[in-house]
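K.L.:
This is the structure I have questions about; it appears just below.
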Amino acid sequence: MARPVIDDRPAVLVVDDEPNLRLVISRMLQEAGFSVVPASSGNEALQRLTDGIDVAVLDIRLPGLSGPEVARRAWTSRPSLPILFVSGFPEPAVTDPEALGLVQHFLRKPFTPDQLVTAVSELLAA
């Protein structure tokens, strides 16, 4: 599939159901030089997930499909897709014990632009 952006900047799928948070996270990444593809739900995230997405930033709690469920489905076709999970709740707040095992890279909200950019950059470099 074609990249979702025209330029060569790394493309980050940002998934958060809160419009203001999605906008803030997107701006943090754009100001750091990333291209951003926003999504407001798990279903929308799966629709926007293409081969051109380099990394995904997923809120753990989303309406419909949760962040971990989006990850499970994404990894069936893209097993090496780096995913950063974010949440305002502590990591153990994930109610599905199996999902908790999927959360390898986690950033707790609120986070600073530097924390976000560092986490995304480290996933891209790995």
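Residue numbering restarts at 1 in every chain; chains get A, B, ... in the order shown in the structure tokens, and ligands count up from 1 in that same order.
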Among chain A, which ones does DSSP assign to strand (DSSP E or B) (computed from the backbone)? Answer as a list in words.

P.N.:
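In chain A, DSSP puts these residues in strand (DSSP E or B): Ala11, Val12, Leu13, Val14, Val15, Ser35, Val36, Val37, Pro38, Ala39, Val55, Ala56, Val57, Leu58, Asp59, Ile83, Leu84, Phe85, Val86, Ser87, Phe106, Leu107 and Arg108 of chain A.
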
K.L.:
Write out the residues from the selection above, keeping C-alpha atoms, as a CSV table (one decimal), in the first residue's frame.

P.N.:
chain,number,residue,atom,x,y,z
A,11,ALA,CA,4.4,8.2,9.8
A,12,VAL,CA,2.8,7.8,13.2
A,13,LEU,CA,-0.7,6.5,13.6
A,14,VAL,CA,-2.1,8.4,16.7
A,15,VAL,CA,-5.3,6.8,18.1
A,35,SER,CA,3.9,12.9,9.9
A,36,VAL,CA,0.7,12.0,11.7
A,37,VAL,CA,-2.3,10.0,10.7
A,38,PRO,CA,-5.0,10.5,13.4
A,39,ALA,CA,-7.8,8.1,14.3
A,55,VAL,CA,4.8,3.3,14.4
A,56,ALA,CA,1.4,3.5,16.2
A,57,VAL,CA,0.5,5.4,19.4
A,58,LEU,CA,-2.6,3.7,20.8
A,59,ASP,CA,-4.6,4.7,23.8
A,83,ILE,CA,3.3,0.2,19.1
A,84,LEU,CA,3.4,2.6,22.0
A,85,PHE,CA,0.5,2.3,24.3
A,86,VAL,CA,-0.6,5.4,26.3
A,87,SER,CA,-3.1,5.8,29.1
A,106,PHE,CA,3.8,2.1,27.8
A,107,LEU,CA,3.7,5.8,28.5
A,108,ARG,CA,1.4,7.2,31.2

K.L.:
Can you list every residue in chain A that DSSP puts in alpha helix (DSSP H), as a PyMOL selection string?

P.N.:
chain A and resi 19-31+42-48+67-77+97-102+113-125

K.L.:
Neighbours of range 115-121 of chain A within 7 Å (only C-alpha atoms; same-chain residues fewer than 4 positions away dropped), as a PyMOL selection string?

P.N.:
chain A and resi 29+32+111+125

K.L.:
Would you mind reading off the distance between CA of Ser26 in chain A and CA of Ser77 in chain A, one decimal, in Å?

P.N.:
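Between CA of Ser26 in chain A and CA of Ser77 in chain A the gap works out to 24.8 Å.
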
K.L.:
Name the closest residue to Phe89 in chain A among the candidates A:Val24, A:Ile60, A:Ala71, A:Ile53; distances are taken between atoms, counting only C-alpha atoms.

P.N.:
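Distance minimum relative to Phe89 in chain A lands on A:Ile60.
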
K.L.:
Show me, as number ranges by chain, the residues that have an atom within 10 Å of Glu18 in chain A when counting only C-alpha atoms, minus same-chain residues fewer than 5 positions from it.

P.N.:
A: 23, 40-41, 59, 62

K.L.:
Keeping only C-alpha atoms, take the residues you just selected and write them out as a compact mmCIF listing (two decimals), in the first residue's frame.

P.N.:
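Done, and the output landed in selection-v2.txt:
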# COMPACT_ATOMS: atom_id res chain seq x y z
CA LEU A 23 -4.72 16.94 18.64
CA SER A 40 -10.51 8.38 16.97
CA SER A 41 -11.36 4.70 17.52
CA ASP A 59 -4.65 4.70 23.83
CA LEU A 62 -10.86 3.11 23.24

K.L.:
Show me, as a ChimeraX atom specification, the residues that have an atom within 9 Å of Arg61 in chain A when counting only C-alpha atoms, minus same-chain residues fewer than 6 positions from it.

P.N.:
/A:16-17,67-68,86-87,94

K.L.:
Looking at only C-alpha atoms, which of A:Pro110, A:Pro82, A:Gly64, A:Gly88 is the one that sits closest to Glu122 in chain A?

P.N.:
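Closest candidate: A:Pro82.
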
K.L.:
Please report the interatomic distance between CA of Ile25 in chain A and CA of Pro79 in chain A in Å with one decimal.

P.N.:
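Separating CA of Ile25 in chain A from CA of Pro79 in chain A is a distance of 24.4 Å.
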
K.L.:
Nearest residue to Leu49 in chain A out of A:Arg27, A:Arg9, A:Arg78, A:Arg72, using only C-alpha atoms?

P.N.:
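Nearest to Leu49 in chain A: A:Arg78.
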
K.L.:
Tell me, in Å to one decimal, how far CA of Ser80 in chain A is from CA of His105 in chain A.

P.N.:
13.4 Å

K.L.:
Under the rule that only C-alpha atoms are counted, which of A:Glu69, A:Asp8, A:Asp114, A:Glu31 is the nearest residue to Gly52 in chain A?

P.N.:
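Nearest candidate to Gly52 in chain A out of A:Glu69, A:Asp8, A:Asp114, A:Glu31: A:Asp8.
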